[in-house]
Amino acid sequence: MDNPLLDQAGLPAFSRIRPSHVEPAIRQLLAENRARVEDILAAAEPPRWDNLVMPLEALDHRLARAWAPVGHLNAVHNTEALRKAYNACLPLLSDYSSELGQHEGLFRAFERLLAEQGPHLQPGQRKILEDALREFRLAGVALAPEPRARFRAIMQELSTLGARFEENLLDATQAWRLHVTDEQRLEGLPEGVRERAAAAAKSRGLDGWTLTLDFPCYHAVMCHAADRELRHQMYEAWVTRASDHGPSAGKFDNGPVMADILRLREEAARLLGFANYAELSLETKMAASVDEVRAFLEDLARRSRGAAERELEAVREFAGQSLAAWDIAYWSERLREHEYQVSDEELRPYFPAGRVMSGLFDTVARLFGIRIVPGGQVETWDPQVEFFRIEDGDGRPIGYLYTDLYAREQKRGGAWMDECIGRARFGNEVSLPAAFLVCNFMPPVGERPGLLSHDDVVTLFHEFGHCLHHLLTKVEWPSAAGINGVAWDAVELPSQFLENFAWHPEVIERLSAHYETGAALPRELLDRLIASRNFQSAMQMLRQVEFALFDIRLHGREATDAAGIVEELDTVRRQVAVVPYPDFNRFAHSFSHIFGGGYAAGYYSYKWAEVLSADAFGAFEENGVLDPETGRRFRECILEVGGSVEPMDAFVAFRGRPPEPDALLRLAGIDREPAPAA
């Protein structure tokens with residue numbers, strides 16, 4: 001069978017990939033890899049970088065190239081057949097990973113290589129070896145046969161449970177719809193949202209409007225719908241997704257899945273000699289201990305709480321009524337409009353997606369000395385996907401980028417960057433990096449292009465920061481190229497850092513223009529937008545601290561059932577939250593970052609890395625926000641080195657000193673009076 005997943009001569013052939021290709025390709029690659037591992041190990045005598053590490057890197061690179069389009073399609077074009085094929089491969093991949101991680105022969109060869117050749121290797125090579133030895137230990141290589149086999153079985157089951165969590169959430173999100181026939185219920189909703197809801201109803205043979213739980217629709221209702229009961233309905237459906245409460249109670253319940261995940265994570269940690277999973281997780285992060293993480297988060301909460309309470313009280317006073325959870329976003333948006341005379345819907349016409357992307361590309365080109373140009377005709381998975389080529393200053397291609405910006409059915413919610421192809425060099429063969437940039441913005445309606453809110457613009461900059469980390473790396477060892485090998489609590493540095501440019505007036509002017517007239521964003525409106533930057537920044541800080549503290553506490557305690565998970569979250573909320581939460585709120589059941597993604601006992605990394613990013617951005621504030629020389633140093637010190645340099649060493653190389661923690665609160669405006677409206 002001609003299998004496109006095995007043809008790695010160029011970019012993925014998305015139009016040719018079928019679910020039937022997936023399992024045969026992965027099984028074939030795993031079988032070939034297993035045979036090659038033994039051949040490599042036998043030939044590596046004595047073990048050297050070129051006869052041991054690089055041949056193994058080549059095996060990993062080939063497998064990653066085959067699996068990347070499969071995982072990507074499962075997220076952006078999820079079908080029952082593809083889901084089945086994807087899930088069939090998860091235990092196969094997990095078993096292979098565990099097998100290599102527990103391979104004593106490989107472990108001893110890596111140990112010997114570091115001991116004998118370490119002083120003669122480049123620093124990045126030594127770091128790769130040290131990281132690999134740590135990963136061997138964390139995979140259970142030192143365990144006795146019986147617990148080693150148990151650890152391997154746990155890893156298999158966890159990979160399956162993580163996928164099930166995501167599937168339940170996707171299914172629950174797409175199962176809920178609200179058919180509206182009374183137009184008065186839509187009062188306050190932006191025109192584009194109404195048009196999209198009317199099109200959704202028409203596509204189902206219905207009159208009126210159909211509201212869904214895709215994020216652009218949900219967010220618009222919560223921020224703009226005057227009908228309080230409509231907001232209540234949407235809120236309850238959203239916060240009870242995949243749970244035992246709400247309109248789909250029990251149908252897609254993630255409660256048992258979460259309990260099983262926690263139980264297995266704890267068992268795995270204890271097998272390796274850790275007291276809990278949080279301790280295990282922090283072995284690969286910058287933070288030294290669970291206590292350090294909790295102290296960091298609790299300090300942020302303490303320093304933000306007073307300001308957050310004042311922010312919430314201002315909303316209550318403006319609304320003139322007591323507020324339920326489904327009222328806060330609505331009345332906050334009204335207050336922001338009142339205080340700063342600025343609203344998302346007033347701004348949205350000035351941020352057509354094409355113009356925003358062009359301005360984003362122009363900004364990073366000036367900062368980092370690159371060009372981003374149309375990449376020509378390639379195969380994609382949806383007609384709205386665009387493809388770009390990244391070039392160095394001399395016009396030499398250095399990477400590729402796919403952008404998939406809009407919400408649609410069969411697509412997972414949220415925004416993310418993922419690896420399509422990693423940078424690598426094997427002999428004379430160079431593999432250029434390629435990235436996926438995925439968002440879920442409000443799609444075009446009729447002749448009107450996709451129009452972004454400024455929050456969408458900030459999200460786009462965030463994810464593109466991850467893309468730059470992947471695409472601008474100069475490391476040619478796959479395990480340390482781009483985001484690979486970067487400590488998890490530093491991986492958000494480039495993304496959080498780039499967000500700051502979405503608030504700079506010169507940058508906003510580059511990426512904004514009215515979609516119909518081409519008129520520039522009026523200066524007074526621009527000034528009011530910038531003045532509103534820190535509106536409710538303390539409430540937002542506490543919300544992120546709440547999630548992070550819940551995560552680290554949950555993974556630092558004895559595993560519990562679904563009820564215990566909810567109680568743990570309630571405990572954290574009583575400690576740090578200022579907003580009211582109804583009893584039916586089941587946020588944990590949709591917390592994909594820690595149950596379906598890679599952030600378990602690591603969600604704090606958003607705030608940890610934000611300290612680094614705020615301080616790094618300070619260098620641009622000091623030297624000129626679009627200063628090419630400062631951009632060059634950031635590229636060389638942070639973006640190009642990937643995981644070949646310890647994150648703190650990379651930061652100090654750029655900034656000339658360790659990070660200053662107060663930079664985060666300063667940038668958020670929490671340690672000073674709010675900026676007045678212009």
# chains A, B, ... in the order shown; residues from 1 in each chain; ligands from 1
call {"tool": "residues_around", "arguments": {"residues": "Pro433 of chain A", "least_positions_apart": "5", "cutoff": "9 Å", "atoms": "only C-alpha atoms", "output": "ChimeraX atom specification"}}
result
/A:398-401,419-424,470-473,482
call {"tool": "residues_around", "arguments": {"residues": "Leu639 of chain A", "least_positions_apart": "6", "cutoff": "12 Å", "atoms": "only C-alpha atoms", "output": "PyMOL selection string"}}
result
chain A and resi 368+465-475+480-484+486+490-495+497-498+631-633+645+647+650-651+654
call {"tool": "residues_around", "arguments": {"residues": "Glu283 of chain A", "least_positions_apart": "5", "cutoff": "9 Å", "atoms": "only C-alpha atoms", "output": "VMD selection string"}}
result
chain A and resid 134 138 278 288 to 289
call {"tool": "write_last_selection", "arguments": {"atoms": "N, CA and C atoms", "output": "compact mmCIF listing (two decimals), in the first residue's frame"}}
result
# COMPACT_ATOMS: atom_id res chain seq x y z
N ARG A 134 18.52 11.57 32.76
CA ARG A 134 17.41 11.87 33.68
C ARG A 134 16.12 11.21 33.19
N LEU A 138 13.59 8.55 34.99
CA LEU A 138 12.17 8.85 35.18
C LEU A 138 11.27 7.88 34.41
N ALA A 278 3.43 15.62 41.75
CA ALA A 278 3.98 16.97 41.62
C ALA A 278 5.51 16.94 41.73
N ALA A 288 12.42 24.39 41.93
CA ALA A 288 13.18 23.39 42.70
C ALA A 288 12.29 22.46 43.51
N SER A 289 11.09 22.92 43.90
CA SER A 289 10.26 22.10 44.78
C SER A 289 8.81 22.52 44.70
call {"tool": "residues_around", "arguments": {"residues": "Gly101 of chain A", "least_positions_apart": "3", "cutoff": "7 Å", "atoms": "only C-alpha atoms", "output": "PyMOL selection string"}}
result
chain A and resi 97-98+135-136+139+141
call {"tool": "select_by_dssp", "arguments": {"residues": "segment 432-587 of chain A", "states": "strand (DSSP E)", "output": "ChimeraX atom specification"}}
result
/A:434-441
call {"tool": "write_last_selection", "arguments": {"atoms": "N, CA, C and O atoms", "output": "mmCIF file, in the first residue's frame"}}
result
data_model
loop_
_atom_site.group_PDB
_atom_site.id
_atom_site.type_symbol
_atom_site.label_atom_id
_atom_site.label_comp_id
_atom_site.auth_asym_id
_atom_site.auth_seq_id
_atom_site.Cartn_x
_atom_site.Cartn_y
_atom_site.Cartn_z
ATOM 1 N N ALA A 434 8.902 23.047 10.484
ATOM 2 C CA ALA A 434 7.582 23.505 10.053
ATOM 3 C C ALA A 434 6.665 23.456 11.264
ATOM 4 O O ALA A 434 6.758 22.543 12.090
ATOM 5 N N ALA A 435 5.779 24.450 11.366
ATOM 6 C CA ALA A 435 4.923 24.578 12.547
ATOM 7 C C ALA A 435 3.464 24.712 12.131
ATOM 8 O O ALA A 435 3.151 25.227 11.057
ATOM 9 N N PHE A 436 2.577 24.265 13.022
ATOM 10 C CA PHE A 436 1.143 24.514 12.911
ATOM 11 C C PHE A 436 0.772 25.620 13.900
ATOM 12 O O PHE A 436 1.110 25.526 15.082
ATOM 13 N N LEU A 437 0.087 26.645 13.449
ATOM 14 C CA LEU A 437 -0.464 27.678 14.321
ATOM 15 C C LEU A 437 -1.983 27.579 14.222
ATOM 16 O O LEU A 437 -2.554 27.813 13.158
ATOM 17 N N VAL A 438 -2.645 27.222 15.323
ATOM 18 C CA VAL A 438 -4.079 26.918 15.306
ATOM 19 C C VAL A 438 -4.807 27.810 16.304
ATOM 20 O O VAL A 438 -4.389 27.933 17.461
ATOM 21 N N CYS A 439 -5.883 28.446 15.865
ATOM 22 C CA CYS A 439 -6.733 29.259 16.730
ATOM 23 C C CYS A 439 -8.189 28.905 16.452
ATOM 24 O O CYS A 439 -8.486 28.076 15.582
ATOM 25 N N ASN A 440 -9.080 29.534 17.184
ATOM 26 C CA ASN A 440 -10.512 29.317 16.992
ATOM 27 C C ASN A 440 -11.242 30.655 17.004
ATOM 28 O O ASN A 440 -12.128 30.910 17.811
ATOM 29 N N PHE A 441 -10.861 31.537 16.076
ATOM 30 C CA PHE A 441 -11.462 32.853 15.983
ATOM 31 C C PHE A 441 -12.796 32.780 15.234
ATOM 32 O O PHE A 441 -13.092 31.797 14.553
#
call {"tool": "closest_residue", "arguments": {"among": "A:Phe426, A:Phe14, A:Tyr350, A:Tyr235", "to": "Pro55 of chain A", "atoms": "only C-alpha atoms"}}
result
A:Phe426
call {"tool": "closest_residue", "arguments": {"among": "A:Met286, A:Glu640, A:Arg510, A:Ala319", "to": "Phe361 of chain A", "atoms": "only C-alpha atoms"}}
result
A:Arg510
call {"tool": "decode", "arguments": {"residues": "segment 317-343 of chain A", "atoms": "N, CA, C and O atoms", "output": "mmCIF file, in the first residue's frame"}}
result
data_model
loop_
_atom_site.group_PDB
_atom_site.id
_atom_site.type_symbol
_atom_site.label_atom_id
_atom_site.label_comp_id
_atom_site.auth_asym_id
_atom_site.auth_seq_id
_atom_site.Cartn_x
_atom_site.Cartn_y
_atom_site.Cartn_z
ATOM 1 N N GLU A 317 -20.737 47.909 41.676
ATOM 2 C CA GLU A 317 -21.281 49.262 41.808
ATOM 3 C C GLU A 317 -21.819 49.757 40.466
ATOM 4 O O GLU A 317 -22.873 50.389 40.403
ATOM 5 N N PHE A 318 -21.087 49.477 39.400
ATOM 6 C CA PHE A 318 -21.536 49.928 38.083
ATOM 7 C C PHE A 318 -22.823 49.221 37.677
ATOM 8 O O PHE A 318 -23.741 49.845 37.124
ATOM 9 N N ALA A 319 -22.910 47.908 37.960
ATOM 10 C CA ALA A 319 -24.109 47.141 37.595
ATOM 11 C C ALA A 319 -25.286 47.512 38.478
ATOM 12 O O ALA A 319 -26.446 47.386 38.059
ATOM 13 N N GLY A 320 -25.006 47.942 39.696
ATOM 14 C CA GLY A 320 -26.076 48.301 40.615
ATOM 15 C C GLY A 320 -26.885 47.116 41.082
ATOM 16 O O GLY A 320 -28.076 47.244 41.394
ATOM 17 N N GLN A 321 -26.263 45.966 41.128
ATOM 18 C CA GLN A 321 -26.968 44.750 41.534
ATOM 19 C C GLN A 321 -25.951 43.713 41.980
ATOM 20 O O GLN A 321 -24.758 43.836 41.712
ATOM 21 N N SER A 322 -26.426 42.683 42.678
ATOM 22 C CA SER A 322 -25.549 41.561 42.997
ATOM 23 C C SER A 322 -25.255 40.795 41.715
ATOM 24 O O SER A 322 -26.078 40.767 40.792
ATOM 25 N N LEU A 323 -24.087 40.190 41.666
ATOM 26 C CA LEU A 323 -23.638 39.554 40.430
ATOM 27 C C LEU A 323 -23.480 38.054 40.600
ATOM 28 O O LEU A 323 -22.856 37.589 41.553
ATOM 29 N N ALA A 324 -24.042 37.317 39.659
ATOM 30 C CA ALA A 324 -23.775 35.888 39.546
ATOM 31 C C ALA A 324 -22.611 35.696 38.574
ATOM 32 O O ALA A 324 -22.191 36.634 37.885
ATOM 33 N N ALA A 325 -22.108 34.481 38.512
ATOM 34 C CA ALA A 325 -20.943 34.217 37.662
ATOM 35 C C ALA A 325 -21.208 34.588 36.205
ATOM 36 O O ALA A 325 -20.300 35.044 35.496
ATOM 37 N N TRP A 326 -22.441 34.405 35.735
ATOM 38 C CA TRP A 326 -22.764 34.683 34.336
ATOM 39 C C TRP A 326 -23.024 36.162 34.071
ATOM 40 O O TRP A 326 -23.335 36.550 32.947
ATOM 41 N N ASP A 327 -22.899 36.994 35.102
ATOM 42 C CA ASP A 327 -23.071 38.437 34.937
ATOM 43 C C ASP A 327 -21.744 39.182 34.831
ATOM 44 O O ASP A 327 -21.696 40.304 34.325
ATOM 45 N N ILE A 328 -20.669 38.585 35.314
ATOM 46 C CA ILE A 328 -19.433 39.343 35.498
ATOM 47 C C ILE A 328 -18.824 39.781 34.170
ATOM 48 O O ILE A 328 -18.427 40.940 34.006
ATOM 49 N N ALA A 329 -18.735 38.884 33.207
ATOM 50 C CA ALA A 329 -18.149 39.266 31.918
ATOM 51 C C ALA A 329 -18.994 40.342 31.238
ATOM 52 O O ALA A 329 -18.457 41.291 30.652
ATOM 53 N N TYR A 330 -20.321 40.206 31.324
ATOM 54 C CA TYR A 330 -21.215 41.175 30.683
ATOM 55 C C TYR A 330 -21.028 42.565 31.286
ATOM 56 O O TYR A 330 -20.810 43.547 30.566
ATOM 57 N N TRP A 331 -21.104 42.656 32.608
ATOM 58 C CA TRP A 331 -21.011 43.963 33.243
ATOM 59 C C TRP A 331 -19.569 44.484 33.236
ATOM 60 O O TRP A 331 -19.359 45.717 33.212
ATOM 61 N N SER A 332 -18.593 43.617 33.208
ATOM 62 C CA SER A 332 -17.208 44.067 33.068
ATOM 63 C C SER A 332 -17.001 44.731 31.712
ATOM 64 O O SER A 332 -16.330 45.773 31.606
ATOM 65 N N GLU A 333 -17.566 44.138 30.685
ATOM 66 C CA GLU A 333 -17.440 44.734 29.354
ATOM 67 C C GLU A 333 -18.147 46.083 29.291
ATOM 68 O O GLU A 333 -17.655 47.046 28.692
ATOM 69 N N ARG A 334 -19.320 46.187 29.960
ATOM 70 C CA ARG A 334 -20.020 47.481 29.990
ATOM 71 C C ARG A 334 -19.183 48.522 30.748
ATOM 72 O O ARG A 334 -19.111 49.687 30.348
ATOM 73 N N LEU A 335 -18.544 48.086 31.835
ATOM 74 C CA LEU A 335 -17.725 49.013 32.615
ATOM 75 C C LEU A 335 -16.504 49.458 31.822
ATOM 76 O O LEU A 335 -16.123 50.643 31.843
ATOM 77 N N ARG A 336 -15.880 48.519 31.112
ATOM 78 C CA ARG A 336 -14.721 48.884 30.292
ATOM 79 C C ARG A 336 -15.121 49.880 29.218
ATOM 80 O O ARG A 336 -14.407 50.858 28.959
ATOM 81 N N GLU A 337 -16.263 49.649 28.586
ATOM 82 C CA GLU A 337 -16.760 50.592 27.583
ATOM 83 C C GLU A 337 -16.987 51.969 28.194
ATOM 84 O O GLU A 337 -16.675 52.998 27.584
ATOM 85 N N HIS A 338 -17.537 51.970 29.415
ATOM 86 C CA HIS A 338 -17.842 53.236 30.077
ATOM 87 C C HIS A 338 -16.568 53.978 30.482
ATOM 88 O O HIS A 338 -16.450 55.192 30.260
ATOM 89 N N GLU A 339 -15.605 53.252 31.080
ATOM 90 C CA GLU A 339 -14.411 53.909 31.598
ATOM 91 C C GLU A 339 -13.451 54.335 30.504
ATOM 92 O O GLU A 339 -12.806 55.381 30.606
ATOM 93 N N TYR A 340 -13.330 53.511 29.467
ATOM 94 C CA TYR A 340 -12.328 53.775 28.445
ATOM 95 C C TYR A 340 -12.927 54.110 27.085
ATOM 96 O O TYR A 340 -12.181 54.397 26.142
ATOM 97 N N GLN A 341 -14.251 54.067 26.997
ATOM 98 C CA GLN A 341 -14.916 54.364 25.719
ATOM 99 C C GLN A 341 -14.346 53.488 24.603
ATOM 100 O O GLN A 341 -14.042 53.958 23.500
ATOM 101 N N VAL A 342 -14.187 52.200 24.916
ATOM 102 C CA VAL A 342 -13.661 51.263 23.936
ATOM 103 C C VAL A 342 -14.361 49.927 24.141
ATOM 104 O O VAL A 342 -14.642 49.520 25.273
ATOM 105 N N SER A 343 -14.664 49.250 23.050
ATOM 106 C CA SER A 343 -15.301 47.933 23.123
ATOM 107 C C SER A 343 -14.717 47.031 22.056
ATOM 108 O O SER A 343 -14.212 47.495 21.022
#
